[in-house]
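So the structure is just underneath, and the comments pick up after that.
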Amino acid sequence: MSENTFAESQVRRIAPCSRWRIWLKRVLLGITALVLLVVIFHRPLLRWGVDWGAHHFAGKAGYQLDWQLDGPVITGFKLGDVRVVGPQGAVLQSIELKNAGAEYNLVKLLSRGGGRFVDRFEISDAVVVLDLRNQKPRTEPLPSTQRKSLPDVWLDDLALRNVTVRAITQDGEILLKNLTLVLKQGQTGELRIEELVVPQRSLHIEQVRGNTALQDRWIRLQDLQVMPDLTIQKLAVNLSQLREGDLPLELELSSGTSRLQTKGSLKGVGRENLSLDLDLTVDQLEDGELRRWVALPVGMTWQVNRLAGHVSGLPGEPHSLTADLALHATSFITGQDGFKVDDLNTRLTMKSGRLEIHDAVIKAGRNLLKLSGQADLPPSWRQTSSSPATVKFELDAQALEELIPGHPMLKGGVKGGGTVSVKDALLAGADLKLGSSDLAIAQYSFSDFQVNVSTDAKMVTVHEIRANLNEQTSAVVAGQVNLEGRQQAALKVTLRGEDLNTLSDLKQWLNIYPPAAGALDGAVDVRFEVADLREKNFSQVQATGTVALSDLKWNQGSLEKGTANFEFKENKVLVHALDLVFDSQNTLSLTADLGLDEPRPLNIAWKAEFARSP
């Protein structure tokens, strides 16, 4: 037999069997379709199937379920007398509700997906108990590649009535009591909360009332009375782009006399990085209003008359923010009888990782301070103290006593300016020049006071500190202080007094009377370590100086001239030469050493020539 004849016989044997199997499959599929149609459209049977499935899977998860199920199921359902009890250690402890129901369209489920097929959903008289102490923390964050976008869920009719949620936490019980939220497309609904308690935030509010509106994909809350003096006039969010992470919003609220308005959008909602793009306006915000919601430093009071501008970027990453804000504030006081500011105006910008202060003007009584500066913004707010910053200032203070009204230690006026830089919360550099023609520090008055000081954070250079008690008398200090190690200092003090009788304040300061006339010139070079002064170790202080007196007169005595050359070292005062000339016939010369830590410290060698009693 040929190969072709054998193949044809095999085909003839197989063909009848294949046709029989095809017809059998068709019959079985038809029967299955009929059974499915019967199940689907036979409501009691369908409800029984759903009820059995729900009890079966609830039991496998450890939950006890009791309910009354009604409705067609294929287009909606109704639930009554629902009671769910969770297993020990579960987050969901129990659910009890009187009524619940939903209407949906399975055709929409196939065409629009799971978030758009429900037309109506309602719950009434429900109590939900959660135990968040049983919530297992996620040990590792979910990789960004596994993060899913928010679901596109929307329904045109939502009604939650008298829903209570109790959430038990380590810090106490969070309570949301009798929430009613009604949202219906094209109609005015309502939002009511009988009581809200959040122990962690010390939040307790009651009788929240407001209106709701649903239009297209916008959800709006209007005239929401949160507290007697806190009202949300408008809160609106647009959910049309939520799947892409965008949430356009509008907010207007008032608290007391304060008012906040913002409009813009949040981007990256439900994703790893949330950014904002908002226009912001704040009016009449007092510290007392903000303290109700956020912890603020104690001992400070202030009022922001207006803060307005635009902010965009990632709020948790300062270096990524872009902002342009104008600020006007008043009534800034630090503590009782503390530093006082009457008016502050400035503009703040943030761009490309840098914060800039533009022409800040601060007024305090008759005192005026102008500031400008810049700072590098860090990747995190926690690193703010380590960021480098530089501030330039100009000071025109005509009445320093008005800065701290309760403690006017400083009086008079000061003018000047300078630059201050910081890095890692430490001084990195400064250059200060200040001057005054009528300064008083405590009981000491100065006709002229000048300060010219600079530092590079390693060395302070005192170019000049000049204190004139009057036009004839002055003291000048110059030198350097090393800020590293034990802080070595080398200073030179120069004294000048053309008419010592003008030192009338000596009686008040030192309880001594000034001479009737005379002049003084002197200079002292001092070397010491600041650490020694803190340790009260004066033995390492070194000083050398000279003093010259001329035409000195007091009561009935006089001194034509006098000179002194002295030194201080190793806790001793060494007078190398003291020459006094009372007149051409009466002189006195002496040397001496005075040990400050010896029982008999004074040694004097002297020579005198007296023709008559001085």
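We name chains A, B, ... following the order of the structure tokens; residues begin at 1 in each chain, and ligands are numbered from 1 as shown.
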Mind the document's chain letters and residue numbers, and return as an MDAnalysis selection string the residues of region 464-497 of chain A that DSSP labels strand (DSSP E or B).
chainID A and resid 464:470 473:482 488:497
For Ala323 (chain A): contacts at 6 Å, only C-alpha atoms, fewer than 2 positions along chain excluded, given as a ChimeraX atom specification:
/A:310-311,349-350
Same residues, N, CA, C and O atoms, output as a PDB file, in the first residue's frame:
```pdb
ATOM      1  N   HIS A 310       3.421  84.210  45.514  1.00  0.00           N
ATOM      2  CA  HIS A 310       3.289  82.934  44.814  1.00  0.00           C
ATOM      3  C   HIS A 310       4.372  81.993  45.306  1.00  0.00           C
ATOM      4  O   HIS A 310       5.518  82.399  45.518  1.00  0.00           O
ATOM      5  N   VAL A 311       4.009  80.716  45.489  1.00  0.00           N
ATOM      6  CA  VAL A 311       4.952  79.689  45.928  1.00  0.00           C
ATOM      7  C   VAL A 311       4.761  78.458  45.058  1.00  0.00           C
ATOM      8  O   VAL A 311       3.622  78.048  44.787  1.00  0.00           O
ATOM      9  N   THR A 349      12.242  86.445  48.112  1.00  0.00           N
ATOM     10  CA  THR A 349      12.202  85.623  46.905  1.00  0.00           C
ATOM     11  C   THR A 349      13.042  84.368  47.127  1.00  0.00           C
ATOM     12  O   THR A 349      14.035  84.386  47.851  1.00  0.00           O
ATOM     13  N   MET A 350      12.594  83.282  46.510  1.00  0.00           N
ATOM     14  CA  MET A 350      13.325  82.015  46.544  1.00  0.00           C
ATOM     15  C   MET A 350      13.424  81.516  45.115  1.00  0.00           C
ATOM     16  O   MET A 350      12.409  81.350  44.432  1.00  0.00           O
TER      17      MET A 350
END
```
Within 12 Å of Gln540 (chain A) using only C-alpha atoms, minus same-chain residues under 6 positions, as a list in words
Gln488, Ala489, Val526, Arg527, Phe528, Glu529, Val530, Ala531, Asp532, Leu533, Phe568, Lys569, Glu570, Asn571 and Lys572 of chain A
Please, could you write that set of residues out with N, CA, C and O atoms as a CSV table (one decimal), in the first residue's frame?
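File again-v5.csv, as written:
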```csv
chain,number,residue,atom,x,y,z
A,488,GLN,N,43.3,84.5,72.6
A,488,GLN,CA,44.3,85.5,73.0
A,488,GLN,C,43.9,86.9,72.5
A,488,GLN,O,43.4,87.1,71.3
A,489,ALA,N,44.1,87.9,73.3
A,489,ALA,CA,43.7,89.3,73.0
A,489,ALA,C,44.9,90.2,73.2
A,489,ALA,O,45.7,90.1,74.1
A,526,VAL,N,47.5,96.0,76.6
A,526,VAL,CA,47.0,94.9,77.4
A,526,VAL,C,47.1,93.6,76.6
A,526,VAL,O,46.6,93.6,75.4
A,527,ARG,N,47.6,92.5,77.2
A,527,ARG,CA,47.6,91.2,76.6
A,527,ARG,C,47.0,90.2,77.6
A,527,ARG,O,47.4,90.2,78.8
A,528,PHE,N,46.0,89.4,77.1
A,528,PHE,CA,45.4,88.4,78.0
A,528,PHE,C,44.7,87.3,77.2
A,528,PHE,O,44.6,87.5,75.9
A,529,GLU,N,44.3,86.3,77.8
A,529,GLU,CA,43.5,85.3,77.2
A,529,GLU,C,42.1,85.3,77.8
A,529,GLU,O,41.9,85.4,79.0
A,530,VAL,N,41.1,85.3,76.9
A,530,VAL,CA,39.7,85.4,77.4
A,530,VAL,C,39.4,84.3,78.3
A,530,VAL,O,38.6,84.4,79.3
A,531,ALA,N,39.9,83.1,78.0
A,531,ALA,CA,39.7,81.9,78.9
A,531,ALA,C,40.1,82.2,80.3
A,531,ALA,O,39.5,81.7,81.3
A,532,ASP,N,41.3,82.9,80.5
A,532,ASP,CA,41.7,83.2,81.8
A,532,ASP,C,40.7,84.1,82.6
A,532,ASP,O,40.5,83.9,83.8
A,533,LEU,N,40.2,85.0,81.9
A,533,LEU,CA,39.2,85.9,82.5
A,533,LEU,C,38.0,85.1,83.0
A,533,LEU,O,37.4,85.3,84.0
A,568,PHE,N,52.0,95.6,84.5
A,568,PHE,CA,51.3,94.6,85.3
A,568,PHE,C,51.6,93.2,84.7
A,568,PHE,O,51.4,93.0,83.5
A,569,LYS,N,52.1,92.4,85.6
A,569,LYS,CA,52.4,91.0,85.1
A,569,LYS,C,52.6,90.1,86.3
A,569,LYS,O,52.9,90.5,87.4
A,570,GLU,N,52.3,88.8,86.1
A,570,GLU,CA,52.4,87.8,87.2
A,570,GLU,C,51.6,88.3,88.5
A,570,GLU,O,52.1,88.1,89.6
A,571,ASN,N,50.5,88.9,88.3
A,571,ASN,CA,49.7,89.4,89.4
A,571,ASN,C,50.4,90.4,90.3
A,571,ASN,O,50.1,90.6,91.4
A,572,LYS,N,51.3,91.2,89.6
A,572,LYS,CA,51.9,92.3,90.3
A,572,LYS,C,51.8,93.6,89.5
A,572,LYS,O,51.8,93.6,88.3
```
Find the spatial neighbours of Ala523 (chain A), counting only C-alpha atoms, within a cut-off of 12 Å - ignore same-chain residues fewer than 6 positions away - and output them as a list in words.
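Using only C-alpha atoms, the neighbours found are Ser474, Ala475, Val476, Val477, Ala478, Leu491, Lys492, Val493, Thr494, Leu495, Arg496, Ala543, Thr544, Gly545, Thr546, Val547, Ala548, Thr563, Ala564, Asn565, Phe566 and Glu567 of chain A.
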Could you please take those selected residues and save all heavy atoms as a short mmCIF file (atom, residue, chain, number, x, y, z; two decimals), in the first residue's frame?
```
data_model
loop_
_atom_site.label_atom_id
_atom_site.label_comp_id
_atom_site.auth_asym_id
_atom_site.auth_seq_id
_atom_site.Cartn_x
_atom_site.Cartn_y
_atom_site.Cartn_z
N SER A 474 38.30 111.57 76.14
CA SER A 474 37.99 110.41 75.30
C SER A 474 38.82 109.21 75.71
O SER A 474 39.89 109.35 76.32
CB SER A 474 38.24 110.73 73.81
OG SER A 474 39.62 110.92 73.57
N ALA A 475 38.30 108.03 75.34
CA ALA A 475 39.02 106.77 75.49
C ALA A 475 38.88 106.01 74.19
O ALA A 475 37.79 105.91 73.63
CB ALA A 475 38.46 105.96 76.65
N VAL A 476 40.01 105.47 73.70
CA VAL A 476 40.03 104.76 72.43
C VAL A 476 40.63 103.38 72.64
O VAL A 476 41.69 103.26 73.28
CB VAL A 476 40.82 105.53 71.35
CG1 VAL A 476 40.85 104.75 70.04
CG2 VAL A 476 40.22 106.91 71.13
N VAL A 477 39.96 102.35 72.12
CA VAL A 477 40.45 100.98 72.20
C VAL A 477 40.66 100.46 70.79
O VAL A 477 39.80 100.63 69.91
CB VAL A 477 39.46 100.07 72.95
CG1 VAL A 477 39.97 98.64 73.01
CG2 VAL A 477 39.21 100.59 74.36
N ALA A 478 41.81 99.80 70.54
CA ALA A 478 42.10 99.18 69.25
C ALA A 478 42.89 97.91 69.52
O ALA A 478 43.57 97.77 70.54
CB ALA A 478 42.87 100.13 68.35
N LEU A 491 45.23 94.42 73.06
CA LEU A 491 44.49 95.65 72.90
C LEU A 491 45.33 96.84 73.36
O LEU A 491 46.16 96.72 74.27
CB LEU A 491 43.18 95.61 73.71
CG LEU A 491 42.20 94.47 73.38
CD1 LEU A 491 41.03 94.49 74.36
CD2 LEU A 491 41.71 94.56 71.94
N LYS A 492 45.07 97.96 72.75
CA LYS A 492 45.70 99.21 73.16
C LYS A 492 44.61 100.20 73.52
O LYS A 492 43.70 100.45 72.73
CB LYS A 492 46.58 99.77 72.05
CG LYS A 492 47.32 101.04 72.46
CD LYS A 492 48.30 101.49 71.39
CE LYS A 492 49.08 102.72 71.87
NZ LYS A 492 50.08 103.15 70.86
N VAL A 493 44.74 100.77 74.74
CA VAL A 493 43.78 101.75 75.22
C VAL A 493 44.47 103.10 75.33
O VAL A 493 45.53 103.22 75.96
CB VAL A 493 43.21 101.34 76.60
CG1 VAL A 493 42.18 102.36 77.06
CG2 VAL A 493 42.60 99.95 76.53
N THR A 494 43.89 104.09 74.69
CA THR A 494 44.44 105.45 74.72
C THR A 494 43.46 106.37 75.42
O THR A 494 42.27 106.38 75.07
CB THR A 494 44.71 105.97 73.29
OG1 THR A 494 45.59 105.05 72.62
CG2 THR A 494 45.36 107.34 73.32
N LEU A 495 43.96 107.15 76.41
CA LEU A 495 43.12 108.06 77.18
C LEU A 495 43.56 109.49 76.93
O LEU A 495 44.75 109.80 76.83
CB LEU A 495 43.23 107.75 78.68
CG LEU A 495 42.91 106.31 79.09
CD1 LEU A 495 43.23 106.10 80.58
CD2 LEU A 495 41.45 105.99 78.82
N ARG A 496 42.59 110.38 76.81
CA ARG A 496 42.88 111.81 76.63
C ARG A 496 41.86 112.63 77.40
O ARG A 496 40.65 112.37 77.30
CB ARG A 496 42.82 112.18 75.15
CG ARG A 496 43.10 113.64 74.86
CD ARG A 496 42.92 113.94 73.37
NE ARG A 496 41.54 113.72 72.96
CZ ARG A 496 40.58 114.65 73.08
NH1 ARG A 496 40.84 115.83 73.63
NH2 ARG A 496 39.35 114.38 72.67
N ALA A 543 50.13 93.97 81.13
CA ALA A 543 49.81 95.33 80.68
C ALA A 543 51.00 96.23 80.92
O ALA A 543 51.71 96.10 81.93
CB ALA A 543 48.59 95.86 81.41
N THR A 544 51.27 97.12 79.99
CA THR A 544 52.28 98.19 80.14
C THR A 544 51.63 99.48 79.71
O THR A 544 50.83 99.51 78.77
CB THR A 544 53.52 97.91 79.27
OG1 THR A 544 53.12 97.81 77.90
CG2 THR A 544 54.21 96.62 79.69
N GLY A 545 52.00 100.58 80.43
CA GLY A 545 51.36 101.84 80.09
C GLY A 545 52.08 103.04 80.62
O GLY A 545 52.97 102.94 81.48
N THR A 546 51.70 104.17 80.10
CA THR A 546 52.21 105.47 80.57
C THR A 546 51.04 106.41 80.74
O THR A 546 50.06 106.34 79.99
CB THR A 546 53.21 106.07 79.56
OG1 THR A 546 52.54 106.24 78.29
CG2 THR A 546 54.43 105.17 79.37
N VAL A 547 51.17 107.29 81.74
CA VAL A 547 50.16 108.31 82.00
C VAL A 547 50.87 109.63 82.25
O VAL A 547 51.88 109.68 82.97
CB VAL A 547 49.29 107.94 83.22
CG1 VAL A 547 48.30 109.07 83.52
CG2 VAL A 547 48.54 106.64 82.97
N ALA A 548 50.37 110.70 81.65
CA ALA A 548 50.94 112.04 81.85
C ALA A 548 49.85 112.98 82.29
O ALA A 548 48.77 113.02 81.68
CB ALA A 548 51.59 112.54 80.56
N THR A 563 54.19 112.21 85.54
CA THR A 563 54.27 111.11 84.57
C THR A 563 54.40 109.80 85.33
O THR A 563 54.99 109.74 86.41
CB THR A 563 55.47 111.26 83.61
OG1 THR A 563 56.68 111.31 84.38
CG2 THR A 563 55.34 112.52 82.78
N ALA A 564 53.85 108.76 84.76
CA ALA A 564 53.93 107.44 85.37
C ALA A 564 54.18 106.41 84.29
O ALA A 564 53.61 106.48 83.19
CB ALA A 564 52.64 107.11 86.11
N ASN A 565 55.05 105.45 84.59
CA ASN A 565 55.37 104.34 83.70
C ASN A 565 55.17 103.07 84.51
O ASN A 565 55.89 102.83 85.49
CB ASN A 565 56.82 104.47 83.21
CG ASN A 565 57.15 103.42 82.16
OD1 ASN A 565 56.46 102.43 82.03
ND2 ASN A 565 58.25 103.64 81.45
N PHE A 566 54.23 102.25 84.15
CA PHE A 566 53.87 101.11 84.98
C PHE A 566 53.71 99.86 84.14
O PHE A 566 53.61 99.90 82.90
CB PHE A 566 52.59 101.40 85.76
CG PHE A 566 51.39 101.63 84.89
CD1 PHE A 566 50.59 100.59 84.47
CD2 PHE A 566 51.07 102.92 84.46
CE1 PHE A 566 49.49 100.80 83.67
CE2 PHE A 566 49.98 103.14 83.65
CZ PHE A 566 49.18 102.08 83.26
N GLU A 567 53.64 98.73 84.85
CA GLU A 567 53.50 97.42 84.21
C GLU A 567 52.74 96.49 85.15
O GLU A 567 52.88 96.57 86.37
CB GLU A 567 54.88 96.84 83.89
CG GLU A 567 54.85 95.50 83.18
CD GLU A 567 56.25 94.98 82.88
OE1 GLU A 567 57.24 95.62 83.28
OE2 GLU A 567 56.34 93.90 82.24
#
```
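For Ile232 (chain A), the non-local neighbours within 12 Å, defined as residues at least 6 positions apart in the same chain or in other chains and counting only C-alpha atoms, are Val208, Arg209, Gly210, Asn211, Thr212, Arg220, Leu221, Gln222, Asp223, Leu224, Gln225, Val226, Glu250, Leu251, Glu252, Leu253, Ser254, Ser255, Gly256, Ser258, Arg259, Leu260 and Gln261 of chain A.
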Which polymer residues have any atom within 10 Å of an atom of Gly186 (chain A), counting only C-alpha atoms, with same-chain residues fewer than 3 positions away left out, as a list of chain:residue names?
A:Asp156, A:Asp157, A:Leu183, A:Gly189, A:Ala213, A:Leu214, A:Gln215, A:Asp216
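Ranking A:Leu314, A:Leu578, A:Val91, A:Val573 by their shortest atom-to-atom distance to Leu596 (chain A), with only C-alpha atoms included, puts A:Val573 first.
Proximity ranking of A:Val391, A:Val462, A:Asn468, A:Val420 relative to Leu439 (chain A) places A:Asn468 first, based on only C-alpha atoms.
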Using only C-alpha atoms, which of A:Glu244, A:Asp283, A:Leu594, A:Asp579 sits nearest Glu609 (chain A)?
A:Asp579
Which parts of region 294-542 of chain A does DSSP call alpha helix (DSSP H) when run on the backbone here, written out as an MDAnalysis selection string?
chainID A and resid 505:510 530:534
Looking at only C-alpha atoms, which of A:Leu69, A:Val361, A:Gly264, A:Gln487 is the one that sits closest to Gly49 (chain A)?
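Of the candidates, the smallest distance to Gly49 (chain A) is held by A:Leu69.
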